>>> print(open('target20.txt').read())   # compact mmCIF, C-alpha atoms
# COMPACT_ATOMS: atom_id res chain seq x y z
CA MET T 1 0.00 0.00 0.00
CA PRO T 2 1.36 3.52 0.74
CA THR T 3 5.14 3.84 0.20
CA ILE T 4 7.51 5.82 2.47
CA PHE T 5 7.68 8.53 -0.23
CA GLU T 6 3.88 8.76 -0.31
CA ARG T 7 3.77 9.06 3.50
CA ILE T 8 6.24 11.99 3.35
CA LEU T 9 4.14 13.68 0.66
CA GLY T 10 1.07 13.08 2.82
CA VAL T 11 2.53 15.34 5.52
CA PHE T 12 2.28 18.30 3.14
CA SER T 13 -0.78 17.29 1.11
CA LEU T 14 -4.36 16.65 2.12
CA ASP T 15 -5.68 13.10 2.21
CA MET T 16 -9.33 13.05 1.14
CA GLY T 17 -12.15 10.53 1.37
CA ILE T 18 -14.87 10.79 -1.26
CA ASP T 19 -18.33 9.23 -1.32
CA LEU T 20 -18.84 9.41 -5.07
CA GLY T 21 -22.59 8.89 -5.19
CA THR T 22 -25.18 8.87 -7.95
CA ALA T 23 -27.13 11.67 -6.25
CA ASN T 24 -24.57 13.41 -4.01
CA THR T 25 -20.81 13.58 -3.58
CA ALA T 26 -19.49 14.06 -0.06
CA VAL T 27 -15.85 14.81 0.75
CA CYS T 28 -13.95 14.54 4.02
CA VAL T 29 -10.40 15.56 4.84
CA GLY T 30 -8.17 13.74 7.31
CA GLY T 31 -8.29 15.59 10.63
CA GLN T 32 -11.00 18.02 9.47
CA GLY T 33 -14.10 15.85 8.97
CA ILE T 34 -16.71 16.40 6.26
CA VAL T 35 -15.92 19.55 4.32
CA LEU T 36 -18.27 19.30 1.33
CA CYS T 37 -21.50 17.62 0.26
CA GLU T 38 -23.01 18.65 -3.06
CA PRO T 39 -25.20 17.06 -5.76
CA SER T 40 -23.41 14.94 -8.36
CA VAL T 41 -24.52 17.21 -11.20
CA VAL T 42 -22.57 19.10 -13.88
CA ALA T 43 -23.91 21.78 -16.26
CA VAL T 44 -22.38 21.73 -19.74
CA ARG T 45 -22.91 23.33 -23.11
CA LYS T 46 -25.15 20.90 -25.02
CA GLY T 47 -23.32 18.48 -27.28
CA THR T 48 -19.94 19.21 -25.64
CA THR T 49 -18.09 18.47 -22.39
CA GLU T 50 -17.49 22.18 -21.75
CA VAL T 51 -18.49 22.88 -18.14
CA LEU T 52 -20.20 26.26 -17.80
CA ASN T 53 -18.96 29.19 -15.72
CA SER T 54 -15.31 28.32 -16.43
CA GLY T 55 -15.64 24.86 -14.91
CA GLU T 56 -17.56 26.04 -11.83
CA ALA T 57 -21.11 24.94 -12.80
CA VAL T 58 -20.95 21.81 -10.66
CA GLY T 59 -22.83 20.59 -7.60
CA ASN T 60 -25.39 22.98 -6.10
CA ALA T 61 -25.00 25.50 -8.93
CA ALA T 62 -25.72 22.80 -11.53
CA LYS T 63 -28.58 21.13 -9.64
CA ASN T 64 -30.54 24.35 -9.73
CA MET T 65 -30.47 24.02 -13.53
CA LEU T 66 -31.91 20.47 -13.63
CA ASP T 67 -35.09 20.35 -15.75
CA LYS T 68 -34.85 24.15 -16.26
CA CYS T 69 -32.10 24.50 -18.89
CA PRO T 70 -32.56 26.33 -22.18
CA GLY T 71 -31.85 24.37 -25.34
CA ASN T 72 -28.12 25.07 -25.45
CA ILE T 73 -27.39 23.98 -21.85
CA GLU T 74 -27.58 20.52 -20.31
CA ALA T 75 -27.43 19.52 -16.63
CA ILE T 76 -25.91 16.03 -16.45
CA ARG T 77 -25.66 13.48 -13.66
CA PRO T 78 -22.52 11.60 -14.78
CA LEU T 79 -23.08 8.56 -12.56
CA LYS T 80 -25.86 6.04 -13.11
CA ASN T 81 -26.59 3.28 -10.62
CA GLY T 82 -23.43 4.12 -8.72
CA VAL T 83 -21.05 3.79 -11.68
CA ILE T 84 -19.59 6.25 -14.18
CA SER T 85 -21.70 6.68 -17.29
CA ASP T 86 -19.85 9.75 -18.59
CA PHE T 87 -16.09 9.57 -18.12
CA GLU T 88 -15.17 13.15 -19.07
CA ILE T 89 -17.96 14.81 -17.09
CA THR T 90 -17.08 12.75 -13.99
CA GLU T 91 -13.47 13.87 -14.37
CA ALA T 92 -14.58 17.52 -14.54
CA MET T 93 -16.78 17.07 -11.47
CA LEU T 94 -14.01 15.41 -9.44
CA SER T 95 -11.54 18.07 -10.54
CA TYR T 96 -13.93 20.78 -9.29
CA PHE T 97 -14.42 19.11 -5.89
CA ILE T 98 -10.67 18.47 -5.45
CA ARG T 99 -9.90 22.09 -6.36
CA LYS T 100 -12.54 23.38 -3.97
CA VAL T 101 -11.20 21.38 -1.03
CA HIS T 102 -7.49 21.04 -1.82
CA ASN T 103 -6.61 24.70 -2.33
CA ARG T 104 -2.89 24.60 -1.56
CA ALA T 105 -0.63 26.54 -3.89
CA TRP T 106 2.40 24.23 -3.92
CA GLY T 107 1.05 21.92 -6.61
CA LEU T 108 0.95 18.87 -4.35
CA LYS T 109 -1.73 16.38 -5.28
CA PRO T 110 -4.02 14.73 -2.71
CA ARG T 111 -4.31 11.02 -1.99
CA LEU T 112 -7.92 9.87 -2.37
CA ILE T 113 -10.01 7.07 -0.93
CA ILE T 114 -13.17 6.72 -3.03
CA SER T 115 -16.19 4.54 -2.27
CA VAL T 116 -17.69 2.32 -4.98
CA PRO T 117 -20.73 -0.02 -4.97
CA MET T 118 -20.26 -3.73 -4.30
CA GLY T 119 -20.11 -5.97 -7.34
CA ILE T 120 -19.04 -3.45 -9.97
CA THR T 121 -16.63 -4.75 -12.62
CA GLY T 122 -12.90 -4.21 -12.81
CA VAL T 123 -13.46 -1.99 -15.85
CA GLU T 124 -15.83 0.19 -13.83
CA LYS T 125 -13.35 0.37 -10.95
CA ARG T 126 -10.52 1.37 -13.28
CA ALA T 127 -12.76 4.09 -14.74
CA VAL T 128 -13.15 5.60 -11.26
CA ILE T 129 -9.40 5.45 -10.59
CA GLU T 130 -8.46 6.94 -13.98
CA SER T 131 -11.04 9.73 -13.63
CA ALA T 132 -9.67 10.63 -10.19
CA GLU T 133 -6.03 10.54 -11.34
CA ARG T 134 -6.76 12.72 -14.37
CA ALA T 135 -8.71 15.09 -12.08
CA GLY T 136 -5.61 15.68 -9.97
CA ALA T 137 -5.16 12.83 -7.46
CA ARG T 138 -1.68 11.64 -6.49
CA SER T 139 -2.87 8.12 -5.74
CA VAL T 140 -6.31 6.54 -5.55
CA TYR T 141 -7.68 3.71 -3.39
CA LEU T 142 -11.17 2.27 -3.61
CA ILE T 143 -13.33 1.01 -0.75
CA GLU T 144 -16.61 -0.80 -1.27
CA GLN T 145 -19.56 1.24 -0.05
CA PRO T 146 -21.06 -1.27 2.43
CA LYS T 147 -17.71 -1.56 4.22
CA ALA T 148 -17.32 2.21 4.38
CA ALA T 149 -20.95 2.68 5.47
CA ALA T 150 -20.60 0.05 8.21
CA LEU T 151 -17.43 1.73 9.50
CA GLY T 152 -19.06 5.15 9.39
CA ALA T 153 -22.13 3.84 11.22
CA GLY T 154 -19.95 2.43 14.00
CA LEU T 155 -20.41 -1.28 13.31
CA PRO T 156 -17.63 -3.58 14.64
CA ILE T 157 -16.67 -4.97 11.23
CA SER T 158 -13.21 -6.09 12.44
CA ASP T 159 -14.71 -8.40 15.09
CA PRO T 160 -15.40 -12.12 14.50
CA SER T 161 -19.14 -11.53 14.69
CA GLY T 162 -21.73 -10.73 12.07
CA SER T 163 -22.91 -7.21 11.21
CA MET T 164 -25.44 -6.26 8.55
CA ILE T 165 -25.55 -2.97 6.69
CA VAL T 166 -28.18 -1.74 4.22
CA ASP T 167 -26.85 1.30 2.37
CA ILE T 168 -29.64 2.96 0.36
CA GLY T 169 -28.01 5.51 -1.92
CA GLY T 170 -29.27 7.37 -4.97
CA GLY T 171 -28.65 4.72 -7.61
CA THR T 172 -27.98 1.50 -5.70
CA THR T 173 -28.95 -0.28 -2.50
CA ASP T 174 -26.05 -2.32 -1.11
CA VAL T 175 -27.05 -5.05 1.34
CA ALA T 176 -24.11 -6.76 3.02
CA VAL T 177 -23.26 -9.04 5.94
CA LEU T 178 -19.75 -8.41 7.24
CA SER T 179 -17.31 -10.08 9.62
CA LEU T 180 -13.54 -9.76 10.21
CA GLN T 181 -13.34 -6.85 7.71
CA GLY T 182 -14.70 -9.09 4.97
CA VAL T 183 -18.03 -9.50 3.21
CA VAL T 184 -19.75 -12.77 4.09
CA ASN T 185 -22.68 -12.20 1.75
CA TYR T 186 -24.08 -9.31 -0.25
CA GLU T 187 -26.54 -8.17 -2.87
CA THR T 188 -26.46 -4.96 -4.88
CA LEU T 189 -29.88 -3.77 -6.00
CA ARG T 190 -29.95 -1.10 -8.70
CA VAL T 191 -33.05 0.30 -7.05
CA ALA T 192 -32.68 3.11 -4.50
CA GLY T 193 -33.47 6.79 -3.90
CA ASP T 194 -33.74 7.70 -7.59
CA GLU T 195 -36.26 4.92 -8.13
CA LEU T 196 -38.29 6.17 -5.15
CA THR T 197 -38.32 9.64 -6.70
CA GLN T 198 -39.31 8.26 -10.11
CA SER T 199 -42.17 6.28 -8.54
CA ILE T 200 -43.61 9.57 -7.23
CA ILE T 201 -43.35 11.19 -10.68
CA THR T 202 -45.14 8.22 -12.28
CA TYR T 203 -47.85 8.09 -9.59
CA ILE T 204 -48.67 11.80 -9.86
CA LYS T 205 -48.80 11.53 -13.64
CA ASP T 206 -51.11 8.48 -13.59
CA LYS T 207 -53.35 9.38 -10.64
CA CYS T 208 -53.38 13.18 -10.70
CA GLY T 209 -52.88 13.95 -14.39
CA LEU T 210 -49.97 16.24 -13.55
CA LEU T 211 -46.42 16.19 -14.90
CA VAL T 212 -43.80 17.14 -12.29
CA GLY T 213 -40.02 17.20 -12.49
CA GLU T 214 -37.37 15.36 -10.54
CA GLN T 215 -36.68 18.19 -8.10
CA THR T 216 -40.38 18.58 -7.25
CA ALA T 217 -40.71 14.82 -6.67
CA GLU T 218 -37.62 14.87 -4.45
CA LYS T 219 -39.14 17.67 -2.35
CA ILE T 220 -42.39 15.69 -2.01
CA LYS T 221 -40.49 12.59 -0.89
CA ILE T 222 -38.63 14.53 1.79
CA ALA T 223 -41.63 16.58 2.94
CA ILE T 224 -44.39 13.95 3.22
CA GLY T 225 -42.91 10.59 2.16
CA SER T 226 -43.41 7.59 4.47
CA VAL T 227 -43.74 3.81 4.31
CA VAL T 228 -46.05 3.18 7.29
CA PRO T 229 -49.12 5.06 8.56
CA LEU T 230 -47.77 8.09 10.37
CA GLU T 231 -49.91 7.42 13.44
CA LEU T 232 -47.63 4.41 14.10
CA LEU T 233 -44.75 6.90 14.39
CA GLY T 234 -46.67 9.24 16.67
CA GLY T 235 -47.63 11.71 13.95
CA GLU T 236 -50.49 12.58 11.62
CA GLU T 237 -50.92 12.23 7.87
CA MET T 238 -49.77 15.27 5.88
CA GLN T 239 -50.57 16.96 2.61
CA MET T 240 -48.95 19.56 0.39
CA GLU T 241 -49.69 21.58 -2.71
CA ILE T 242 -47.76 20.60 -5.81
CA ARG T 243 -47.42 22.37 -9.15
CA GLY T 244 -46.62 21.08 -12.60
CA ARG T 245 -48.11 20.79 -16.08
CA ASN T 246 -51.60 19.39 -16.62
CA ILE T 247 -51.52 16.45 -19.04
CA GLU T 248 -54.88 17.24 -20.65
CA THR T 249 -54.53 21.00 -21.11
CA SER T 250 -50.71 21.18 -21.25
CA LEU T 251 -51.02 24.28 -19.08
CA PRO T 252 -49.47 24.97 -15.65
CA ALA T 253 -51.63 23.63 -12.82
CA ARG T 254 -51.63 22.80 -9.14
CA THR T 255 -53.17 20.12 -6.95
CA LEU T 256 -53.04 18.72 -3.42
CA ILE T 257 -51.42 15.41 -2.61
CA ASN T 258 -51.20 13.63 0.74
CA SER T 259 -48.83 11.27 2.51
CA ILE T 260 -51.18 8.30 2.05
CA GLN T 261 -50.94 8.66 -1.74
CA ILE T 262 -47.17 9.04 -1.65
CA ARG T 263 -46.90 5.95 0.53
CA GLU T 264 -48.84 4.02 -2.09
CA ALA T 265 -46.38 5.26 -4.72
CA LEU T 266 -43.30 4.30 -2.69
CA MET T 267 -44.28 0.86 -1.42
CA PRO T 268 -43.44 -1.22 -4.56
CA VAL T 269 -39.84 0.05 -4.41
CA VAL T 270 -39.59 -0.42 -0.64
CA LYS T 271 -40.79 -4.02 -1.03
CA GLN T 272 -37.98 -4.64 -3.55
CA ILE T 273 -35.45 -3.44 -0.95
CA ALA T 274 -37.03 -5.66 1.73
CA GLY T 275 -36.87 -8.60 -0.69
CA SER T 276 -33.14 -8.00 -1.26
CA ILE T 277 -32.52 -8.03 2.50
CA LYS T 278 -34.43 -11.29 2.90
CA ARG T 279 -32.51 -12.96 0.07
CA THR T 280 -29.20 -11.93 1.61
CA LEU T 281 -30.24 -13.27 5.01
CA GLU T 282 -31.34 -16.56 3.48
CA ARG T 283 -27.81 -17.10 2.14
CA THR T 284 -26.08 -16.14 5.40
CA PRO T 285 -24.30 -18.93 7.37
CA PRO T 286 -26.17 -19.99 10.56
CA GLU T 287 -23.52 -18.76 13.03
CA ILE T 288 -23.46 -15.30 11.46
CA ALA T 289 -27.27 -15.28 11.29
CA ALA T 290 -27.31 -16.03 15.02
CA ASP T 291 -25.24 -12.87 15.68
CA LEU T 292 -27.75 -10.79 13.73
CA VAL T 293 -30.61 -11.81 16.05
CA ASP T 294 -29.11 -9.40 18.61
CA GLN T 295 -27.06 -7.09 16.37
CA GLY T 296 -29.89 -6.52 13.92
CA ILE T 297 -29.64 -4.41 10.76
CA MET T 298 -28.11 -0.96 10.34
CA LEU T 299 -29.59 1.42 7.74
CA ALA T 300 -27.33 3.96 6.03
CA GLY T 301 -27.44 6.22 2.97
CA GLY T 302 -29.84 9.05 2.17
CA GLY T 303 -32.74 6.63 1.56
CA ALA T 304 -32.54 5.46 5.18
CA SER T 305 -34.10 8.79 6.23
CA LEU T 306 -37.45 7.85 4.69
CA ARG T 307 -40.06 8.00 7.47
CA GLY T 308 -40.96 4.64 8.96
CA LEU T 309 -38.52 2.60 6.89
CA ASP T 310 -36.83 1.18 9.99
CA TYR T 311 -40.24 0.40 11.53
CA TYR T 312 -41.46 -1.33 8.36
CA LEU T 313 -38.32 -3.44 7.90
CA GLU T 314 -38.22 -4.45 11.56
CA HIS T 315 -41.76 -5.84 11.36
CA GLU T 316 -41.28 -7.31 7.86
CA ILE T 317 -38.00 -9.12 8.62
CA ASN T 318 -38.39 -9.68 12.37
CA LEU T 319 -34.94 -8.37 13.30
CA PRO T 320 -33.96 -5.17 15.15
CA VAL T 321 -33.41 -2.32 12.68
CA ARG T 322 -31.51 0.87 13.50
CA ARG T 323 -30.83 3.97 11.47
CA ALA T 324 -27.27 5.35 11.48
CA GLU T 325 -26.73 8.80 12.89
CA GLU T 326 -26.76 11.15 9.88
CA PRO T 327 -27.17 8.22 7.45
CA LEU T 328 -26.38 10.37 4.39
CA TYR T 329 -22.80 10.73 5.67
CA SER T 330 -22.16 7.13 6.80
CA VAL T 331 -20.05 6.22 3.76
CA VAL T 332 -17.88 9.35 3.80
CA ARG T 333 -17.39 8.97 7.58
CA GLY T 334 -16.18 5.45 6.87
CA THR T 335 -13.56 6.78 4.45
CA GLU T 336 -12.55 9.26 7.17
CA ALA T 337 -12.07 6.39 9.65
CA VAL T 338 -9.77 4.67 7.15
CA LEU T 339 -7.76 7.86 6.61
CA LYS T 340 -7.18 8.13 10.37
CA ASP T 341 -5.75 4.60 10.63
CA ILE T 342 -4.96 3.39 7.13
CA ASP T 343 -2.64 0.61 8.34
CA SER T 344 -5.44 -1.05 10.32
CA PHE T 345 -7.84 -0.99 7.37
CA VAL T 346 -5.42 -1.68 4.53
CA ASP T 347 -7.27 -4.92 3.68
CA LEU T 348 -10.42 -2.91 2.89
CA LEU T 349 -8.73 -0.95 0.10
CA GLU T 350 -8.04 -1.64 -3.57
CA SER T 351 -5.61 0.19 -5.83
CA ALA T 352 -5.07 0.00 -9.58
CA GLU T 353 -2.51 -2.79 -9.02
CA ASP T 354 -5.13 -4.95 -7.26
CA ILE T 355 -7.70 -4.78 -10.06
>>> encode(input="target20.txt", output="structure tokens")
Amino acid sequence: MPTIFERILGVFSLDMGIDLGTANTAVCVGGQGIVLCEPSVVAVRKGTTEVLNSGEAVGNAAKNMLDKCPGNIEAIRPLKNGVISDFEITEAMLSYFIRKVHNRAWGLKPRLIISVPMGITGVEKRAVIESAERAGARSVYLIEQPKAAALGAGLPISDPSGSMIVDIGGGTTDVAVLSLQGVVNYETLRVAGDELTQSIITYIKDKCGLLVGEQTAEKIKIAIGSVVPLELLGGEEMQMEIRGRNIETSLPARTLINSIQIREALMPVVKQIAGSIKRTLERTPPEIAADLVDQGIMLAGGGASLRGLDYYLEHEINLPVRRAEEPLYSVVRGTEAVLKDIDSFVDLLESAEDI
């Protein structure tokens, strides 16, 4: 792993951990914690890879342009289902984030630890490494997202006992059982937060006759989304006004929608996630399964914040279910834990030579 020369360089340069997600990219710096979390979106001139605003139309600035661009501008999400779908745009995005965080003038390049979904191919892993190197990294190591999420959520993955993590990101849901820093069993489901958002768009179109965009659907999911009746969580059902384009008239319109309707929209996707957890448990060795009776399941990722998801899964699977503290940041906190003690977690990392 790191050479003596790299360790010396590391004294002067920043080591960074990056959760390179389909929906959001979060960055931490060794000794400083999380320093950045912005949407994984880049605004370019249509038909080119030219990033607008002199390379600065990335993250929050670009997300505001989603679904609102004129014909000559395009807001792109360069990762699909947790993997790179647009090499050059990903490189531009990483370069922007590295520049924003690593602002030293001496020309030293940072060492990066980047999270990737379980089960992606060697080609996809090399694409991440090459994008990061071309964006300005000195060296790049990969860590699989469930391992990083489990570390960030405080699970004892180095112990000889079983732990289970369910990391619900934007593009993928990683379900993994871990022990002794290794993965005992896992399943990667290419259904996650984006699919939840899309299910709301489809439901409102079919049931309400209204076309809404991705950002509106995301706001609805956060504001009134749930997977169990809210009275079970000590609350009351909610409603909100939404605006979009009427399918029949093609004119702007508004309507009211409530949390019961949104729950109906979300449940098919939630049941897919529950099914993935059950399949993973069915393949888990008996001794590890016995540990999970007490340890239960830890939820991480932005999707874990969905109201009642822990309650639903606990009653559906009959195991204790907990939500990580600040689940959106579990993965990047895991990369931070590795940065603090890289020698102890060296077996969790992959470099270009390992692939």
>>> atom_distance(input="target20.txt", atom1="atom CA of Ile98 of chain T", atom2="atom CA of Ala61 of chain T")
16.3 Å
>>> residues_near_point(input="target20.txt", point="(-7.7, -4.5, 6.2)", cutoff="9 Å", atoms="only C-alpha atoms", output="PyMOL selection string")
chain T and resi 158+180-182+342-349
>>> closest_residue(input="target20.txt", among="T:Val184, T:Leu178, T:Ile273, T:Ala265", to="Tyr203 of chain T", atoms="all atoms listed in the file")
T:Ala265
>>> closest_residue(input="target20.txt", among="T:Asp341, T:Asp19, T:Asp174, T:Asp86", to="Leu112 of chain T", atoms="all atoms listed in the file")
T:Asp19
>>> closest_atom_pairs(input="target20.txt", of="segment 135-217 of chain T", to="segment 114-117 of chain T", cutoff="7 Å", atoms="only C-alpha atoms", output="tab-separated table")
residue	atom	partner	partner_atom	distance
T:Tyr141	CA	T:Ile114	CA	6.3
T:Leu142	CA	T:Ile114	CA	4.9
T:Ile143	CA	T:Ser115	CA	4.8
T:Glu144	CA	T:Val116	CA	5.0
T:Gln145	CA	T:Pro117	CA	5.2
T:Asp174	CA	T:Pro117	CA	7.0
>>> atom_distance(input="target20.txt", atom1="atom CA of Ile165 of chain T", atom2="atom CA of Ala217 of chain T")
26.9 Å
>>> atom_distance(input="target20.txt", atom1="atom CA of Ala300 of chain T", atom2="atom CA of Leu36 of chain T")
18.4 Å
>>> residues_near_point(input="target20.txt", point="(-21.4, -5.9, 3.1)", cutoff="7 Å", atoms="all atoms listed in the file", output="list of chain:residue names")
T:Pro146, T:Lys147, T:Met164, T:Ile165, T:Val175, T:Ala176, T:Val177, T:Leu178, T:Val183, T:Asn185, T:Tyr186
>>> residues_around(input="target20.txt", residues="segment 302-312 of chain T", least_positions_apart="6", cutoff="8 Å", atoms="all atoms listed in the file", output="CSV table (one decimal) with C-alpha atoms, in the coordinates of the input")
chain,number,residue,atom,x,y,z
T,167,ASP,CA,-26.8,1.3,2.4
T,168,ILE,CA,-29.6,3.0,0.4
T,169,GLY,CA,-28.0,5.5,-1.9
T,170,GLY,CA,-29.3,7.4,-5.0
T,192,ALA,CA,-32.7,3.1,-4.5
T,193,GLY,CA,-33.5,6.8,-3.9
T,221,LYS,CA,-40.5,12.6,-0.9
T,222,ILE,CA,-38.6,14.5,1.8
T,225,GLY,CA,-42.9,10.6,2.2
T,226,SER,CA,-43.4,7.6,4.5
T,227,VAL,CA,-43.7,3.8,4.3
T,228,VAL,CA,-46.0,3.2,7.3
T,230,LEU,CA,-47.8,8.1,10.4
T,233,LEU,CA,-44.8,6.9,14.4
T,321,VAL,CA,-33.4,-2.3,12.7
T,322,ARG,CA,-31.5,0.9,13.5
T,323,ARG,CA,-30.8,4.0,11.5
T,327,PRO,CA,-27.2,8.2,7.4
T,328,LEU,CA,-26.4,10.4,4.4
